[in-house]
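Participant: Can you keep this structure in mind? I'll have questions shortly.
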Amino acid sequence: MTITFDNILNFRDVGKTVNDHLGRKLVREGVLYRSARPDEASPADRKRLRDELGIKTVVDLRTKTEHLKQAEKRQASQTDLSDADADGPVQIPGVRYQQVKVTGRRFEKYVVGQLSWWNYFKLIILFALGYRVEAISLISREVLLPRGLVGLGLVTIDQSGAEIADTLRTLLAPSSTPLLVHCTQGKDRTGLIIALILMILSVPASAIDHDYMLSTAGLSSERETRMKEIREIGLTAEWGDASPDFVDRVVEHIDVKYGGIEGYFDSVGFDASERQKLVEVLGA
């Protein structure tokens, strides 16, 4: 069953996607969902999320800059802000919201540390003057573009372990599921979180890759708009699509650097007992 909405892109039931691809049940269905930002969800969309799918928790992986840009977009279009803070996301009454900035302080410190002293000085001035988008563009040009989309994902694995563990712990909280996890496009940060969860569940890499690559089609209807947003922060068109080698390189990186998924999560403090609880929540 394809799940469609008026104004929510790239939405899918992770369990059903994986199970249908494999032809067998490895992941519990109707428990873990993923999508692009649901900020423009129509009243019917919001009702379906809460009442039909029974979503109890929404995990938002975005940054403050992304929230501010969305608030500006809503204000420009005169969207009703009654369920949103002035600079926060629209929320559905009765649903619990958890914001986890997956690119957290350690990640930011690492990225800023890659700048030259001159560019670091420029970055500070831009942020101090309120030019957040221009500051992000500087980082994109000097740090992100040279590493590429997949390289950024590997940096996230290494530098954002605490935030990744916190995101997974949300699934372990009592009455937290069904749960929806999203970022802006629901492709890269969301894709990484979902890939790591599926690795804990011993899902074959081919099925993880299948789920990840569905984002290209899932975002196709807004490609032109996304390309504009991507260029505004200094990135190129390749950052708008799912990368064909993303999952393979994530698996390889974790195997080589950490000795496997267990070694990785041990290193970030998401221990064996928590991983077993996750299996109990999400395993078929």
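As shown in the structure tokens, the chain order sets the letters A, B, ...; within each chain, residues go from 1, and ligands are also counted from 1 in the order they appear.
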Give me, as a short mmCIF file (atom, residue, chain, number, x, y, z; two decimals) with all heavy atoms, in the first residue's frame, all polymer residues having an atom no more than 12 Å from Asp20 of chain A, counting only C-alpha atoms and skipping those fewer than 3 positions away in the same chain.

Facilitator:
data_model
loop_
_atom_site.label_atom_id
_atom_site.label_comp_id
_atom_site.auth_asym_id
_atom_site.auth_seq_id
_atom_site.Cartn_x
_atom_site.Cartn_y
_atom_site.Cartn_z
N MET A 1 0.85 -1.20 0.00
CA MET A 1 0.00 0.00 0.00
C MET A 1 0.88 1.24 0.00
O MET A 1 1.72 1.42 0.88
CB MET A 1 -0.92 0.01 1.22
CG MET A 1 -1.79 1.27 1.30
SD MET A 1 -2.74 1.34 2.85
CE MET A 1 -1.44 1.62 4.06
N THR A 2 0.71 2.10 -1.00
CA THR A 2 1.44 3.35 -1.06
C THR A 2 0.74 4.38 -0.19
O THR A 2 -0.48 4.53 -0.24
CB THR A 2 1.52 3.86 -2.51
OG1 THR A 2 2.16 2.89 -3.31
CG2 THR A 2 2.30 5.17 -2.57
N ASP A 13 6.58 3.79 5.10
CA ASP A 13 6.69 2.87 6.23
C ASP A 13 7.97 2.07 6.02
O ASP A 13 8.06 1.28 5.08
CB ASP A 13 5.45 1.97 6.25
CG ASP A 13 5.45 0.94 7.37
OD1 ASP A 13 6.54 0.60 7.88
OD2 ASP A 13 4.36 0.44 7.71
N VAL A 14 8.95 2.28 6.86
CA VAL A 14 10.26 1.63 6.67
C VAL A 14 10.13 0.12 6.71
O VAL A 14 10.72 -0.60 5.88
CB VAL A 14 11.26 2.12 7.73
CG1 VAL A 14 12.59 1.37 7.61
CG2 VAL A 14 11.49 3.62 7.60
N GLY A 15 9.36 -0.40 7.65
CA GLY A 15 9.20 -1.84 7.75
C GLY A 15 8.61 -2.46 6.50
O GLY A 15 9.11 -3.45 5.98
N LYS A 16 7.53 -1.87 6.00
CA LYS A 16 6.89 -2.42 4.81
C LYS A 16 7.80 -2.32 3.59
O LYS A 16 7.86 -3.25 2.77
CB LYS A 16 5.57 -1.69 4.55
CG LYS A 16 4.83 -2.25 3.33
CD LYS A 16 3.40 -1.80 3.28
CE LYS A 16 2.70 -2.34 2.04
NZ LYS A 16 2.80 -3.81 1.93
N THR A 17 8.52 -1.20 3.47
CA THR A 17 9.43 -1.03 2.35
C THR A 17 10.49 -2.12 2.33
O THR A 17 10.76 -2.74 1.29
CB THR A 17 10.12 0.36 2.43
OG1 THR A 17 9.14 1.38 2.36
CG2 THR A 17 11.12 0.54 1.29
N GLY A 23 10.84 -9.78 0.43
CA GLY A 23 9.90 -10.88 0.30
C GLY A 23 9.74 -11.68 1.58
O GLY A 23 9.24 -12.80 1.57
N ARG A 24 10.15 -11.11 2.69
CA ARG A 24 10.00 -11.74 4.01
C ARG A 24 10.00 -10.64 5.07
O ARG A 24 10.46 -9.53 4.81
CB ARG A 24 11.13 -12.74 4.30
CG ARG A 24 12.52 -12.15 4.21
CD ARG A 24 13.57 -13.25 4.15
NE ARG A 24 14.90 -12.72 3.90
CZ ARG A 24 15.83 -12.54 4.82
NH1 ARG A 24 15.57 -12.86 6.09
NH2 ARG A 24 17.02 -12.07 4.50
N LYS A 25 9.49 -10.97 6.25
CA LYS A 25 9.35 -9.95 7.28
C LYS A 25 10.53 -9.96 8.24
O LYS A 25 10.74 -10.93 8.97
CB LYS A 25 8.04 -10.15 8.04
CG LYS A 25 6.81 -9.78 7.23
CD LYS A 25 5.58 -9.62 8.10
CE LYS A 25 4.40 -9.08 7.29
NZ LYS A 25 3.20 -8.85 8.13
N LEU A 26 11.28 -8.87 8.22
CA LEU A 26 12.37 -8.67 9.16
C LEU A 26 12.10 -7.50 10.10
O LEU A 26 12.64 -7.44 11.20
CB LEU A 26 13.68 -8.39 8.41
CG LEU A 26 14.49 -9.57 7.89
CD1 LEU A 26 15.80 -9.08 7.29
CD2 LEU A 26 14.76 -10.59 8.99
N VAL A 27 11.28 -6.55 9.63
CA VAL A 27 11.03 -5.32 10.39
C VAL A 27 9.53 -5.17 10.64
O VAL A 27 8.72 -5.41 9.73
CB VAL A 27 11.55 -4.08 9.62
CG1 VAL A 27 11.37 -2.81 10.45
CG2 VAL A 27 13.03 -4.27 9.24
N ARG A 28 9.18 -4.80 11.83
CA ARG A 28 7.77 -4.61 12.16
C ARG A 28 7.20 -3.44 11.36
O ARG A 28 7.82 -2.39 11.24
CB ARG A 28 7.62 -4.32 13.66
CG ARG A 28 6.19 -4.36 14.16
CD ARG A 28 6.15 -4.33 15.67
NE ARG A 28 6.80 -5.51 16.23
CZ ARG A 28 6.99 -5.71 17.54
NH1 ARG A 28 6.63 -4.78 18.40
NH2 ARG A 28 7.57 -6.81 17.97
N GLU A 29 6.02 -3.65 10.79
CA GLU A 29 5.39 -2.62 9.97
C GLU A 29 4.46 -1.74 10.81
O GLU A 29 3.97 -2.15 11.85
CB GLU A 29 4.62 -3.29 8.82
CG GLU A 29 5.53 -4.11 7.90
CD GLU A 29 4.80 -4.80 6.75
OE1 GLU A 29 3.61 -4.48 6.53
OE2 GLU A 29 5.42 -5.65 6.09
N ALA A 207 18.67 -4.20 0.96
CA ALA A 207 17.35 -3.69 1.35
C ALA A 207 17.46 -2.28 1.95
O ALA A 207 16.59 -1.44 1.75
CB ALA A 207 16.68 -4.64 2.34
N HIS A 210 17.86 -0.05 -0.96
CA HIS A 210 16.58 0.11 -1.65
C HIS A 210 15.73 1.18 -0.98
O HIS A 210 15.19 2.07 -1.65
CB HIS A 210 15.83 -1.22 -1.67
CG HIS A 210 14.41 -1.12 -2.15
ND1 HIS A 210 14.09 -0.92 -3.47
CD2 HIS A 210 13.23 -1.17 -1.48
CE1 HIS A 210 12.78 -0.85 -3.61
NE2 HIS A 210 12.23 -1.00 -2.41
N ASP A 211 15.65 1.12 0.34
CA ASP A 211 14.86 2.11 1.07
C ASP A 211 15.46 3.51 0.89
O ASP A 211 14.73 4.47 0.62
CB ASP A 211 14.81 1.75 2.56
CG ASP A 211 14.13 2.82 3.39
OD1 ASP A 211 12.91 2.96 3.26
OD2 ASP A 211 14.83 3.52 4.15
#

Participant: Tell me which protein, DNA and RNA residues are within 12 Å of Ser202 of chain A, counting only C-alpha atoms, leaving out same-chain ones fewer than 6 positions away, and put them as a list in words.

Facilitator: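 After dropping sequence-adjacent residues, the list is Val18, Leu26, Val27, Ala195, Leu196, Ile208, Val251, Gly260, Ile261, Glu262, Arg275, Gln276, Leu278, Val279, Leu282, Gly283 and Ala284 of chain A.
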
Participant: As a list in words, please: the residues near segment 96-101 of chain A (cut-off 7 Å, only C-alpha atoms, same-chain neighbours under 2 positions excluded).

Facilitator: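 Result of the neighbour search: Lys56, Thr57, Val58, Val59, Asp60, Leu61, Arg62, Thr63, Gly94, Thr103, Gly104, Glu163 and Thr167 of chain A.
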
Participant: Would you give me, as a Markdown table, each residue of segment 97-212 of chain A having an atom within 8 Å of an atom of segment 219-232 of chain A, along with its shortest atom pair and that distance in Å to one decimal, using only C-alpha atoms and sorting by chain and residue number?

Facilitator:
| residue | atom | partner | partner_atom | distance |
| --- | --- | --- | --- | --- |
| A:Val133 | CA | A:Glu232 | CA | 7.5 |
| A:Ser137 | CA | A:Glu232 | CA | 7.3 |
| A:Gln185 | CA | A:Leu219 | CA | 7.4 |

Participant: Next, write the just-selected residues to a file, as a CSV table (one decimal), in the first residue's frame, keeping C-alpha atoms as the atom set.

Facilitator:
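This is the output file again_15.csv:
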chain,number,residue,atom,x,y,z
A,133,VAL,CA,22.4,31.7,5.1
A,137,SER,CA,27.1,29.0,2.3
A,185,GLN,CA,14.3,16.3,2.5

Participant: Listing only residues of segment 142-253 of chain A within 7 Å of segment 4-10 of chain A, what is the closest atom pair and its distance in Å (to one decimal) for each, using only C-alpha atoms, sorted by chain and residue number ascending, as a Markdown table?

Facilitator:
| residue | atom | partner | partner_atom | distance |
| --- | --- | --- | --- | --- |
| A:Gly186 | CA | A:Asn10 | CA | 6.6 |
| A:Ser215 | CA | A:Asn10 | CA | 5.9 |
| A:Gly218 | CA | A:Asn10 | CA | 4.1 |
| A:Leu219 | CA | A:Asn10 | CA | 5.7 |

Participant: Please identify all polymer residues within 8 Å of Leu115 of chain A, counting only C-alpha atoms, omitting same-chain residues fewer than 3 positions from it, and present them as a PyMOL selection string.

Facilitator: chain A and resi 111-112+118-120+139+142-143

Participant: Write out the residues from the selection above, keeping all heavy atoms, as a PDB file, in the first residue's frame.

Facilitator:
ATOM      1  N   VAL A 111      33.596  20.732  11.743  1.00  0.00           N
ATOM      2  CA  VAL A 111      33.438  21.409  10.458  1.00  0.00           C
ATOM      3  C   VAL A 111      34.112  22.776  10.473  1.00  0.00           C
ATOM      4  O   VAL A 111      34.860  23.127   9.553  1.00  0.00           O
ATOM      5  CB  VAL A 111      31.939  21.532  10.099  1.00  0.00           C
ATOM      6  CG1 VAL A 111      31.742  22.476   8.912  1.00  0.00           C
ATOM      7  CG2 VAL A 111      31.356  20.155   9.782  1.00  0.00           C
ATOM      8  N   VAL A 112      33.867  23.553  11.521  1.00  0.00           N
ATOM      9  CA  VAL A 112      34.480  24.880  11.619  1.00  0.00           C
ATOM     10  C   VAL A 112      35.998  24.765  11.691  1.00  0.00           C
ATOM     11  O   VAL A 112      36.727  25.608  11.150  1.00  0.00           O
ATOM     12  CB  VAL A 112      33.915  25.639  12.837  1.00  0.00           C
ATOM     13  CG1 VAL A 112      34.696  26.926  13.084  1.00  0.00           C
ATOM     14  CG2 VAL A 112      32.436  25.953  12.626  1.00  0.00           C
ATOM     15  N   TRP A 118      41.217  32.843   8.042  1.00  0.00           N
ATOM     16  CA  TRP A 118      40.511  33.948   7.392  1.00  0.00           C
ATOM     17  C   TRP A 118      39.029  33.624   7.220  1.00  0.00           C
ATOM     18  O   TRP A 118      38.162  34.450   7.517  1.00  0.00           O
ATOM     19  CB  TRP A 118      41.157  34.263   6.044  1.00  0.00           C
ATOM     20  CG  TRP A 118      40.390  35.248   5.212  1.00  0.00           C
ATOM     21  CD1 TRP A 118      39.870  35.052   3.973  1.00  0.00           C
ATOM     22  CD2 TRP A 118      40.031  36.598   5.566  1.00  0.00           C
ATOM     23  NE1 TRP A 118      39.215  36.173   3.534  1.00  0.00           N
ATOM     24  CE2 TRP A 118      39.298  37.144   4.503  1.00  0.00           C
ATOM     25  CE3 TRP A 118      40.255  37.384   6.696  1.00  0.00           C
ATOM     26  CZ2 TRP A 118      38.794  38.437   4.516  1.00  0.00           C
ATOM     27  CZ3 TRP A 118      39.755  38.677   6.727  1.00  0.00           C
ATOM     28  CH2 TRP A 118      39.041  39.198   5.633  1.00  0.00           C
ATOM     29  N   ASN A 119      38.729  32.417   6.766  1.00  0.00           N
ATOM     30  CA  ASN A 119      37.331  32.035   6.582  1.00  0.00           C
ATOM     31  C   ASN A 119      36.620  31.863   7.923  1.00  0.00           C
ATOM     32  O   ASN A 119      35.414  32.122   8.026  1.00  0.00           O
ATOM     33  CB  ASN A 119      37.231  30.758   5.755  1.00  0.00           C
ATOM     34  CG  ASN A 119      37.414  31.022   4.277  1.00  0.00           C
ATOM     35  OD1 ASN A 119      36.922  32.016   3.744  1.00  0.00           O
ATOM     36  ND2 ASN A 119      38.128  30.142   3.586  1.00  0.00           N
ATOM     37  N   TYR A 120      37.350  31.432   8.935  1.00  0.00           N
ATOM     38  CA  TYR A 120      36.761  31.341  10.275  1.00  0.00           C
ATOM     39  C   TYR A 120      36.344  32.730  10.765  1.00  0.00           C
ATOM     40  O   TYR A 120      35.253  32.916  11.310  1.00  0.00           O
ATOM     41  CB  TYR A 120      37.763  30.711  11.246  1.00  0.00           C
ATOM     42  CG  TYR A 120      37.276  30.656  12.677  1.00  0.00           C
ATOM     43  CD1 TYR A 120      36.297  29.738  13.060  1.00  0.00           C
ATOM     44  CD2 TYR A 120      37.784  31.521  13.642  1.00  0.00           C
ATOM     45  CE1 TYR A 120      35.836  29.691  14.373  1.00  0.00           C
ATOM     46  CE2 TYR A 120      37.328  31.483  14.956  1.00  0.00           C
ATOM     47  CZ  TYR A 120      36.362  30.562  15.311  1.00  0.00           C
ATOM     48  OH  TYR A 120      35.901  30.526  16.612  1.00  0.00           O
ATOM     49  N   ILE A 139      30.501  27.707   4.707  1.00  0.00           N
ATOM     50  CA  ILE A 139      30.859  26.356   5.147  1.00  0.00           C
ATOM     51  C   ILE A 139      30.652  25.355   4.019  1.00  0.00           C
ATOM     52  O   ILE A 139      31.479  24.458   3.801  1.00  0.00           O
ATOM     53  CB  ILE A 139      30.029  25.965   6.387  1.00  0.00           C
ATOM     54  CG1 ILE A 139      30.436  26.825   7.585  1.00  0.00           C
ATOM     55  CG2 ILE A 139      30.195  24.486   6.703  1.00  0.00           C
ATOM     56  CD1 ILE A 139      29.572  26.629   8.810  1.00  0.00           C
ATOM     57  N   GLU A 142      33.546  25.761   1.424  1.00  0.00           N
ATOM     58  CA  GLU A 142      34.901  25.465   1.882  1.00  0.00           C
ATOM     59  C   GLU A 142      35.059  24.070   2.485  1.00  0.00           C
ATOM     60  O   GLU A 142      36.157  23.514   2.464  1.00  0.00           O
ATOM     61  CB  GLU A 142      35.340  26.517   2.908  1.00  0.00           C
ATOM     62  CG  GLU A 142      35.377  27.939   2.371  1.00  0.00           C
ATOM     63  CD  GLU A 142      36.406  28.115   1.276  1.00  0.00           C
ATOM     64  OE1 GLU A 142      37.448  27.427   1.311  1.00  0.00           O
ATOM     65  OE2 GLU A 142      36.161  28.953   0.370  1.00  0.00           O
ATOM     66  N   VAL A 143      33.968  23.510   3.019  1.00  0.00           N
ATOM     67  CA  VAL A 143      34.097  22.242   3.752  1.00  0.00           C
ATOM     68  C   VAL A 143      33.244  21.126   3.163  1.00  0.00           C
ATOM     69  O   VAL A 143      33.731  20.014   2.934  1.00  0.00           O
ATOM     70  CB  VAL A 143      33.733  22.434   5.243  1.00  0.00           C
ATOM     71  CG1 VAL A 143      33.917  21.124   6.012  1.00  0.00           C
ATOM     72  CG2 VAL A 143      34.580  23.536   5.867  1.00  0.00           C
TER      73      VAL A 143
END

Participant: What residues in segment 43-276 of chain A get the DSSP label alpha helix (DSSP H)? Please answer as a ChimeraX atom specification.

Facilitator: /A:43-47,64-76,105-113,117-128,132-139,145-159,161-172,189-200,205-218,223-232,246-258,261-267,272-276

Participant: Just to confirm, what's the straight-line distance from atom CA of Ile136 of chain A to atom CA of Ala36 of chain A in Å (one decimal)?

Facilitator: 20.6 Å

Participant: Using only C-alpha atoms for the distances, tell me which of A:Pro204, A:Gly54, A:Gly148, A:Pro174 is nearest to Asn19 of chain A.

Facilitator: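 With only C-alpha atoms as the atom set, the closest residue is A:Pro204.
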
Participant: Within 8 Å of Ala165 of chain A, counting only C-alpha atoms, which residues show up once you throw out same-chain ones fewer than 5 positions away? Write them as a list of chain:residue names, please.

Facilitator: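 Once the adjacent positions are removed, what remains is A:Phe265, A:Val268, A:Gly269, A:Phe270.
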